[in-house]
Amino acid sequence: MRQTNAAGKRDPDPVLLARGVIDANAYMTLATADGDGRPWASPVWFAHDGYTKFYWVSRPDARHSRTLAVRPQVAIVVFDSSVAVGEAQAIYVEAEAEQLRGTELQQAIDVYSQRSHAHGAGQWTTSDVSAPTSHRLYRATASAHFLLDADDRRMRVRLDR
């Protein structure tokens with residue numbers, strides 16, 4: 001059962017809130033760390049599949065691509081930075097990332113291309129993310145999702161259903 005907040009209003013369903021944040025935003029912050037643990041954060045345009053698979057296109061020589069090749073564990077934050085102070089909602093994700101190849105590439109590029117086309121950025125094909133082109137398609141598969149509760153504490157949200 002959802003609780004009421006201090007204003008007497010029902011708190012939003014955390015699953016619906018988390019899904020809404022992901023659906024409403026086009027960019028995510030991808031956090032990686034190299035083999036020595038040095039962190040790096042990059043904003044990337046993304047598409048998602050079922051709230052557990054996040055796709056983006058990057059150059060393999062980009063710092064975040066090089067670091068995830070060494071250490072595939074990543075963190076992701078999706079949020080709307082255009083809202084007023086105190087109004088933002090964010091979803092935090094723990095995931096494993098990889099560059100896609102072979103048979104997984106076709107299904108993934110279809111998901112990416114569909115969202116890209118819907119946002120007016122055009123279609124993508126496997127030839128756009130395969131040698132000799134300069135970009136590749138990556139996927140992060142979520143193992144956990146979190147929101148912050150009203151007291152600014154991390155709260156796990158199950159989006160894998």
# chains A, B, ... in the order shown; residues from 1 in each chain; ligands from 1

$ residues_around --residues "Tyr51 in chain A" --least-positions-apart "2" --cutoff "9 Å" --atoms "only C-alpha atoms" --output "JSON, numbers by chain"
{"A": [19, 22, 23, 48, 49, 53, 54, 142, 159, 160]}

$ select_by_dssp --residues "range 18-95 of chain A" --states "strand (DSSP E or B)" --output "VMD selection string"
chain A and resid 27 to 33 39 to 45 47 to 49 53 to 58 73 to 79 90 to 95

$ write_last_selection --atoms "C-alpha atoms" --output "PDB file, in the first residue's frame"
ATOM      1  CA  TYR A  27      19.738  11.077 -22.294  1.00  0.00           C
ATOM      2  CA  MET A  28      21.267   9.048 -19.513  1.00  0.00           C
ATOM      3  CA  THR A  29      24.481   9.563 -17.597  1.00  0.00           C
ATOM      4  CA  LEU A  30      26.705   6.517 -17.970  1.00  0.00           C
ATOM      5  CA  ALA A  31      29.308   6.078 -15.229  1.00  0.00           C
ATOM      6  CA  THR A  32      32.262   3.775 -15.821  1.00  0.00           C
ATOM      7  CA  ALA A  33      35.588   3.131 -14.122  1.00  0.00           C
ATOM      8  CA  PRO A  39      35.688   7.038 -12.671  1.00  0.00           C
ATOM      9  CA  TRP A  40      34.276   8.634 -15.799  1.00  0.00           C
ATOM     10  CA  ALA A  41      30.743   9.864 -16.496  1.00  0.00           C
ATOM     11  CA  SER A  42      29.303  10.474 -19.959  1.00  0.00           C
ATOM     12  CA  PRO A  43      25.913  11.693 -21.133  1.00  0.00           C
ATOM     13  CA  VAL A  44      24.633   9.449 -23.939  1.00  0.00           C
ATOM     14  CA  TRP A  45      21.417   9.402 -25.952  1.00  0.00           C
ATOM     15  CA  ALA A  47      16.921   3.698 -26.159  1.00  0.00           C
ATOM     16  CA  HIS A  48      15.606   1.073 -23.804  1.00  0.00           C
ATOM     17  CA  ASP A  49      13.904  -2.282 -24.024  1.00  0.00           C
ATOM     18  CA  LYS A  53      18.193  -3.040 -21.349  1.00  0.00           C
ATOM     19  CA  PHE A  54      19.672   0.330 -22.232  1.00  0.00           C
ATOM     20  CA  TYR A  55      21.274   0.928 -25.661  1.00  0.00           C
ATOM     21  CA  TRP A  56      23.544   3.691 -26.935  1.00  0.00           C
ATOM     22  CA  VAL A  57      25.903   4.283 -29.839  1.00  0.00           C
ATOM     23  CA  SER A  58      29.483   5.375 -29.202  1.00  0.00           C
ATOM     24  CA  GLN A  73      30.140  -2.861 -14.397  1.00  0.00           C
ATOM     25  CA  VAL A  74      28.463   0.519 -14.915  1.00  0.00           C
ATOM     26  CA  ALA A  75      26.056   2.861 -13.189  1.00  0.00           C
ATOM     27  CA  ILE A  76      23.375   4.845 -14.999  1.00  0.00           C
ATOM     28  CA  VAL A  77      21.288   7.819 -13.947  1.00  0.00           C
ATOM     29  CA  VAL A  78      18.287   9.040 -15.946  1.00  0.00           C
ATOM     30  CA  PHE A  79      16.798  12.400 -14.919  1.00  0.00           C
ATOM     31  CA  ALA A  90      15.807  10.277 -11.104  1.00  0.00           C
ATOM     32  CA  ILE A  91      16.215   6.570 -11.619  1.00  0.00           C
ATOM     33  CA  TYR A  92      19.547   5.014 -10.653  1.00  0.00           C
ATOM     34  CA  VAL A  93      20.634   1.765 -12.317  1.00  0.00           C
ATOM     35  CA  GLU A  94      23.339  -0.809 -11.621  1.00  0.00           C
ATOM     36  CA  ALA A  95      24.228  -2.743 -14.778  1.00  0.00           C
TER      37      ALA A  95
END

$ residues_around --residues "Asp110 in chain A" --least-positions-apart "5" --cutoff "9 Å" --atoms "only C-alpha atoms" --output "compact mmCIF listing (two decimals) with C-alpha atoms, in the first residue's frame"
# COMPACT_ATOMS: atom_id res chain seq x y z
CA LEU A 105 23.17 -6.69 -32.84
CA ARG A 115 13.34 5.29 -30.75
CA GLN A 123 16.87 5.15 -38.81
CA TRP A 124 19.89 3.01 -37.83
CA THR A 125 21.02 -0.28 -39.33
CA THR A 126 23.70 -2.80 -38.39

$ closest_residue --among "A:Ser143, A:Thr103, A:Ser81, A:Ser134" --to "Ala26 in chain A" --atoms "only C-alpha atoms"
A:Ser81

$ closest_residue --among "A:Phe46, A:Gly20, A:Val157, A:Ala140" --to "Ser116 in chain A" --atoms "only C-alpha atoms"
A:Phe46

$ atom_distance --atom1 "CA of Pro132 in chain A" --atom2 "CA of Pro72 in chain A"
24.0 Å

$ closest_residue --among "A:Gln99, A:Gln106, A:Ser130, A:Gln89" --to "Val21 in chain A" --atoms "only C-alpha atoms"
A:Gln89
